[in-house]
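Asker: The structure file run-v4.txt (compact mmCIF, C-alpha atoms) is provided below.
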# COMPACT_ATOMS: atom_id res chain seq x y z
CA MET A 222 6.26 -5.75 3.09
CA PHE A 223 9.38 -7.12 1.43
CA ALA A 224 8.20 -5.99 -1.99
CA SER A 225 8.34 -2.39 -0.80
CA ARG A 226 11.87 -2.93 0.55
CA ALA A 227 10.71 -1.70 3.96
CA LEU A 228 12.13 -4.90 5.43
CA ARG A 229 15.87 -5.55 5.25
CA LEU A 230 16.70 -9.25 5.00
CA PRO A 231 19.92 -11.25 5.13
CA ARG A 232 21.06 -12.52 1.71
CA GLN A 233 19.56 -16.02 1.97
CA LEU A 234 16.21 -14.73 3.16
CA GLU A 235 16.23 -12.13 0.41
CA GLN A 236 16.75 -14.94 -2.13
CA ILE A 237 13.57 -16.59 -0.84
CA ALA A 238 11.68 -13.29 -0.89
CA LEU A 239 12.62 -12.66 -4.51
CA PHE A 240 11.60 -16.20 -5.41
CA ALA A 241 8.26 -15.75 -3.61
CA LEU A 242 7.57 -12.54 -5.52
CA ALA A 243 8.46 -14.13 -8.84
CA LYS A 244 6.70 -17.46 -8.31
CA PRO A 245 3.98 -17.14 -5.67
CA ASP A 246 2.26 -20.28 -6.96
CA LEU A 247 5.33 -22.37 -6.14
CA VAL A 248 5.36 -21.00 -2.59
CA ALA A 249 1.63 -21.59 -2.23
CA PHE A 250 1.78 -25.21 -3.33
CA GLY A 251 5.41 -26.22 -2.89
CA SER A 252 7.16 -27.67 0.10
CA ALA A 253 9.82 -26.02 2.22
CA ARG A 254 12.26 -28.46 0.66
CA SER A 255 11.30 -27.62 -2.94
CA ILE A 256 11.56 -23.90 -2.25
CA ALA A 257 14.88 -24.43 -0.49
CA LEU A 258 16.24 -26.32 -3.49
CA ALA A 259 15.08 -23.60 -5.89
CA CYS A 260 16.72 -20.91 -3.75
CA ALA A 261 19.87 -22.86 -2.85
CA VAL A 262 19.17 -22.60 0.88
CA SER A 263 18.18 -25.10 3.56
CA PRO A 264 14.57 -25.98 4.44
CA THR A 265 15.30 -24.54 7.89
CA THR A 266 16.08 -21.19 6.24
CA VAL A 267 12.71 -21.31 4.46
CA ALA A 268 10.99 -21.92 7.81
CA ARG A 269 12.97 -19.04 9.34
CA PHE A 270 11.85 -16.81 6.46
CA ALA A 271 8.23 -17.48 7.40
CA THR A 272 8.80 -16.58 11.06
CA VAL A 273 10.80 -13.45 10.18
CA LEU A 274 7.76 -12.26 8.22
CA GLY A 275 5.57 -12.80 11.28
CA PHE A 276 3.97 -16.15 10.44
CA ASP A 277 3.85 -18.88 13.07
CA ASP A 278 5.39 -21.39 10.68
CA PHE A 279 5.87 -22.31 7.02
CA ARG A 280 2.35 -23.75 6.84
CA ASP A 281 0.89 -20.34 7.69
CA LEU A 282 3.04 -18.70 5.01
CA LYS A 283 1.76 -21.22 2.45
CA ALA A 284 -1.83 -20.56 3.50
CA PHE A 285 -1.28 -16.83 3.06
CA PHE A 286 0.06 -17.35 -0.47
CA GLN A 287 -2.79 -19.71 -1.32
CA GLN A 288 -5.34 -17.14 -0.18
CA HIS A 289 -3.55 -14.42 -2.12
CA LEU A 290 -3.74 -16.51 -5.30
CA ARG A 291 -7.44 -17.24 -4.72
CA ASN A 292 -8.15 -13.53 -4.26
CA ALA A 293 -6.17 -12.63 -7.36
CA ARG A 294 -8.07 -15.18 -9.45
CA MET A 295 -11.40 -13.91 -8.15
CA VAL A 296 -10.47 -10.33 -9.04
CA SER A 297 -9.28 -11.27 -12.53
CA ALA A 298 -12.39 -13.39 -13.12
CA SER A 299 -14.68 -10.49 -12.22
CA THR A 300 -13.06 -8.03 -14.62
How does the structure come out when it is put into structure tokens?

Answerer:
Amino acid sequence: MFASRALRLPRQLEQIALFALAKPDLVAFGSARSIALACAVSPTTVARFATVLGFDDFRDLKAFFQQHLRNARMVSAST
């Protein structure tokens, strides 16, 4: 959704989105605090990012990224 630029985000949320696209593994296995530090935002902003994208909370966002990485590994292993 944010990769296609269909979603317009405030600057701080866009920073997190760009980080998530560049380093999905760090979102999948990092904490809200570690992501916040990497993006120079607050952990609350990271949690807000998750809810803006439609997730119930940061934990659900992490689970989504973890599943995405699993699927990507399965696809690359089968080719």

Asker: Could you please determine the separation between CA of Lys283 in chain A and CA of Val248 in chain A in Å, to one decimal place?

Answerer: 6.2 Å

Asker: Rounded to one decimal, what separation in Å do you get between CA of Val262 in chain A and CA of Gln236 in chain A?

Answerer: 8.6 Å

Asker: So what do you get for CA of Arg291 in chain A versus CA of Ala249 in chain A, distance-wise?

Answerer: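 The value is 10.4 Å.
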
Asker: When you look at Ala241 in chain A with a cut-off of 10 Å (counting all atoms listed in the file), what residues show up, excluding the ones that are within fewer than 6 positions of it in the same chain? I need them as an mmCIF file with C-alpha atoms, in the frame of the given file.

Answerer:
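Saved to result.cif:
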data_model
loop_
_atom_site.group_PDB
_atom_site.id
_atom_site.type_symbol
_atom_site.label_atom_id
_atom_site.label_comp_id
_atom_site.auth_asym_id
_atom_site.auth_seq_id
_atom_site.Cartn_x
_atom_site.Cartn_y
_atom_site.Cartn_z
ATOM 1 C CA ALA A 224 8.200 -5.990 -1.990
ATOM 2 C CA GLU A 235 16.230 -12.130 0.410
ATOM 3 C CA LEU A 247 5.330 -22.370 -6.140
ATOM 4 C CA VAL A 248 5.360 -21.000 -2.590
ATOM 5 C CA ALA A 249 1.630 -21.590 -2.230
ATOM 6 C CA ILE A 256 11.560 -23.900 -2.250
ATOM 7 C CA CYS A 260 16.720 -20.910 -3.750
ATOM 8 C CA PHE A 286 0.060 -17.350 -0.470
#

Asker: So which one's closest to Leu239 in chain A, A:Val273, A:Leu290, A:Ala268, A:Ala259? Using only C-alpha atoms, please.

Answerer: A:Ala259

Asker: So that I can check the surroundings of Leu282 in chain A, please list as a PyMOL selection string every protein, DNA and RNA residue that reaches within 12 Å of it, counting all atoms listed in the file and ignoring chain neighbours fewer than 5 positions away.

Answerer: chain A and resi 238+241+245+247-253+267-277+287-289

Asker: Which one is closest to Ser255 in chain A: A:Met295, A:Ile237, A:Leu228, A:Ala284? Count all atoms listed in the file.

Answerer: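 Of all the options, A:Ile237 lies closest to Ser255 in chain A.
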
Asker: Counting all atoms listed in the file, figure out which residue out of A:Lys244, A:Arg254, A:Arg294, A:Arg229 gets nearest to Thr266 in chain A.

Answerer: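 Smallest separation from Thr266 in chain A among the options: A:Arg254.
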
Asker: Given only C-alpha atoms as the basis, pick out the residue of A:Pro264, A:Asn292, A:Asp246, A:Asp281 nearest to Gln233 in chain A.

Answerer: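 Result for the nearest residue to Gln233 in chain A: A:Pro264.
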
Asker: Add whatever atoms are absent from range 239-271 of chain A to reach N, CA and C atoms, and provide the output as a PDB file, in the frame of the given file.

Answerer:
ATOM      1  N   LEU A 239      12.659 -12.916  -3.070  1.00  0.00           N
ATOM      2  CA  LEU A 239      12.620 -12.660  -4.510  1.00  0.00           C
ATOM      3  C   LEU A 239      11.955 -13.811  -5.250  1.00  0.00           C
ATOM      4  N   PHE A 240      12.237 -15.024  -4.831  1.00  0.00           N
ATOM      5  CA  PHE A 240      11.600 -16.200  -5.410  1.00  0.00           C
ATOM      6  C   PHE A 240      10.087 -16.155  -5.175  1.00  0.00           C
ATOM      7  N   ALA A 241       9.684 -15.806  -3.954  1.00  0.00           N
ATOM      8  CA  ALA A 241       8.260 -15.750  -3.610  1.00  0.00           C
ATOM      9  C   ALA A 241       7.528 -14.696  -4.435  1.00  0.00           C
ATOM     10  N   LEU A 242       8.187 -13.580  -4.693  1.00  0.00           N
ATOM     11  CA  LEU A 242       7.570 -12.540  -5.520  1.00  0.00           C
ATOM     12  C   LEU A 242       7.450 -12.990  -6.974  1.00  0.00           C
ATOM     13  N   ALA A 243       8.447 -13.697  -7.451  1.00  0.00           N
ATOM     14  CA  ALA A 243       8.460 -14.130  -8.840  1.00  0.00           C
ATOM     15  C   ALA A 243       7.552 -15.324  -9.102  1.00  0.00           C
ATOM     16  N   LYS A 244       7.444 -16.208  -8.121  1.00  0.00           N
ATOM     17  CA  LYS A 244       6.700 -17.460  -8.310  1.00  0.00           C
ATOM     18  C   LYS A 244       5.812 -17.768  -7.102  1.00  0.00           C
ATOM     19  N   PRO A 245       4.828 -16.930  -6.848  1.00  0.00           N
ATOM     20  CA  PRO A 245       3.980 -17.140  -5.670  1.00  0.00           C
ATOM     21  C   PRO A 245       3.240 -18.476  -5.684  1.00  0.00           C
ATOM     22  N   ASP A 246       2.941 -18.989  -6.868  1.00  0.00           N
ATOM     23  CA  ASP A 246       2.260 -20.280  -6.960  1.00  0.00           C
ATOM     24  C   ASP A 246       3.127 -21.419  -6.434  1.00  0.00           C
ATOM     25  N   LEU A 247       4.434 -21.324  -6.637  1.00  0.00           N
ATOM     26  CA  LEU A 247       5.330 -22.370  -6.140  1.00  0.00           C
ATOM     27  C   LEU A 247       5.470 -22.306  -4.611  1.00  0.00           C
ATOM     28  N   VAL A 248       5.350 -21.114  -4.059  1.00  0.00           N
ATOM     29  CA  VAL A 248       5.360 -21.000  -2.590  1.00  0.00           C
ATOM     30  C   VAL A 248       4.041 -21.515  -2.043  1.00  0.00           C
ATOM     31  N   ALA A 249       2.951 -21.180  -2.702  1.00  0.00           N
ATOM     32  CA  ALA A 249       1.630 -21.590  -2.230  1.00  0.00           C
ATOM     33  C   ALA A 249       1.449 -23.100  -2.226  1.00  0.00           C
ATOM     34  N   PHE A 250       2.035 -23.779  -3.197  1.00  0.00           N
ATOM     35  CA  PHE A 250       1.780 -25.210  -3.330  1.00  0.00           C
ATOM     36  C   PHE A 250       3.028 -26.080  -3.252  1.00  0.00           C
ATOM     37  N   GLY A 251       4.172 -25.463  -3.032  1.00  0.00           N
ATOM     38  CA  GLY A 251       5.410 -26.220  -2.890  1.00  0.00           C
ATOM     39  C   GLY A 251       5.676 -26.579  -1.439  1.00  0.00           C
ATOM     40  N   SER A 252       6.732 -27.312  -1.250  1.00  0.00           N
ATOM     41  CA  SER A 252       7.160 -27.670   0.100  1.00  0.00           C
ATOM     42  C   SER A 252       8.346 -26.784   0.492  1.00  0.00           C
ATOM     43  N   ALA A 253       8.650 -26.766   1.771  1.00  0.00           N
ATOM     44  CA  ALA A 253       9.820 -26.020   2.220  1.00  0.00           C
ATOM     45  C   ALA A 253      11.071 -26.559   1.527  1.00  0.00           C
ATOM     46  N   ARG A 254      11.106 -27.851   1.320  1.00  0.00           N
ATOM     47  CA  ARG A 254      12.260 -28.460   0.660  1.00  0.00           C
ATOM     48  C   ARG A 254      12.361 -28.036  -0.807  1.00  0.00           C
ATOM     49  N   SER A 255      11.253 -28.015  -1.529  1.00  0.00           N
ATOM     50  CA  SER A 255      11.300 -27.620  -2.940  1.00  0.00           C
ATOM     51  C   SER A 255      11.685 -26.153  -3.100  1.00  0.00           C
ATOM     52  N   ILE A 256      11.202 -25.317  -2.212  1.00  0.00           N
ATOM     53  CA  ILE A 256      11.560 -23.900  -2.250  1.00  0.00           C
ATOM     54  C   ILE A 256      13.031 -23.732  -1.886  1.00  0.00           C
ATOM     55  N   ALA A 257      13.478 -24.481  -0.892  1.00  0.00           N
ATOM     56  CA  ALA A 257      14.880 -24.430  -0.490  1.00  0.00           C
ATOM     57  C   ALA A 257      15.791 -24.830  -1.641  1.00  0.00           C
ATOM     58  N   LEU A 258      15.438 -25.887  -2.348  1.00  0.00           N
ATOM     59  CA  LEU A 258      16.240 -26.320  -3.490  1.00  0.00           C
ATOM     60  C   LEU A 258      16.286 -25.254  -4.579  1.00  0.00           C
ATOM     61  N   ALA A 259      15.156 -24.638  -4.859  1.00  0.00           N
ATOM     62  CA  ALA A 259      15.080 -23.600  -5.890  1.00  0.00           C
ATOM     63  C   ALA A 259      15.897 -22.369  -5.517  1.00  0.00           C
ATOM     64  N   CYS A 260      16.018 -22.106  -4.225  1.00  0.00           N
ATOM     65  CA  CYS A 260      16.720 -20.910  -3.750  1.00  0.00           C
ATOM     66  C   CYS A 260      18.140 -21.193  -3.265  1.00  0.00           C
ATOM     67  N   ALA A 261      18.544 -22.454  -3.319  1.00  0.00           N
ATOM     68  CA  ALA A 261      19.870 -22.860  -2.850  1.00  0.00           C
ATOM     69  C   ALA A 261      20.100 -22.502  -1.377  1.00  0.00           C
ATOM     70  N   VAL A 262      19.086 -22.788  -0.571  1.00  0.00           N
ATOM     71  CA  VAL A 262      19.170 -22.600   0.880  1.00  0.00           C
ATOM     72  C   VAL A 262      18.653 -23.879   1.543  1.00  0.00           C
ATOM     73  N   SER A 263      18.690 -23.928   2.851  1.00  0.00           N
ATOM     74  CA  SER A 263      18.180 -25.100   3.560  1.00  0.00           C
ATOM     75  C   SER A 263      16.678 -24.944   3.847  1.00  0.00           C
ATOM     76  N   PRO A 264      15.978 -26.066   4.039  1.00  0.00           N
ATOM     77  CA  PRO A 264      14.570 -25.980   4.440  1.00  0.00           C
ATOM     78  C   PRO A 264      14.386 -25.205   5.752  1.00  0.00           C
ATOM     79  N   THR A 265      15.358 -25.291   6.628  1.00  0.00           N
ATOM     80  CA  THR A 265      15.300 -24.540   7.890  1.00  0.00           C
ATOM     81  C   THR A 265      15.292 -23.036   7.605  1.00  0.00           C
ATOM     82  N   THR A 266      16.043 -22.609   6.608  1.00  0.00           N
ATOM     83  CA  THR A 266      16.080 -21.190   6.240  1.00  0.00           C
ATOM     84  C   THR A 266      14.719 -20.753   5.699  1.00  0.00           C
ATOM     85  N   VAL A 267      14.053 -21.622   4.964  1.00  0.00           N
ATOM     86  CA  VAL A 267      12.710 -21.310   4.460  1.00  0.00           C
ATOM     87  C   VAL A 267      11.746 -21.150   5.632  1.00  0.00           C
ATOM     88  N   ALA A 268      11.847 -22.025   6.616  1.00  0.00           N
ATOM     89  CA  ALA A 268      10.990 -21.920   7.810  1.00  0.00           C
ATOM     90  C   ALA A 268      11.305 -20.625   8.567  1.00  0.00           C
ATOM     91  N   ARG A 269      12.578 -20.287   8.660  1.00  0.00           N
ATOM     92  CA  ARG A 269      12.970 -19.040   9.340  1.00  0.00           C
ATOM     93  C   ARG A 269      12.427 -17.833   8.591  1.00  0.00           C
ATOM     94  N   PHE A 270      12.418 -17.888   7.274  1.00  0.00           N
ATOM     95  CA  PHE A 270      11.850 -16.810   6.460  1.00  0.00           C
ATOM     96  C   PHE A 270      10.402 -16.555   6.859  1.00  0.00           C
ATOM     97  N   ALA A 271       9.644 -17.625   7.015  1.00  0.00           N
ATOM     98  CA  ALA A 271       8.230 -17.480   7.400  1.00  0.00           C
ATOM     99  C   ALA A 271       8.108 -16.786   8.754  1.00  0.00           C
TER     100      ALA A 271
END
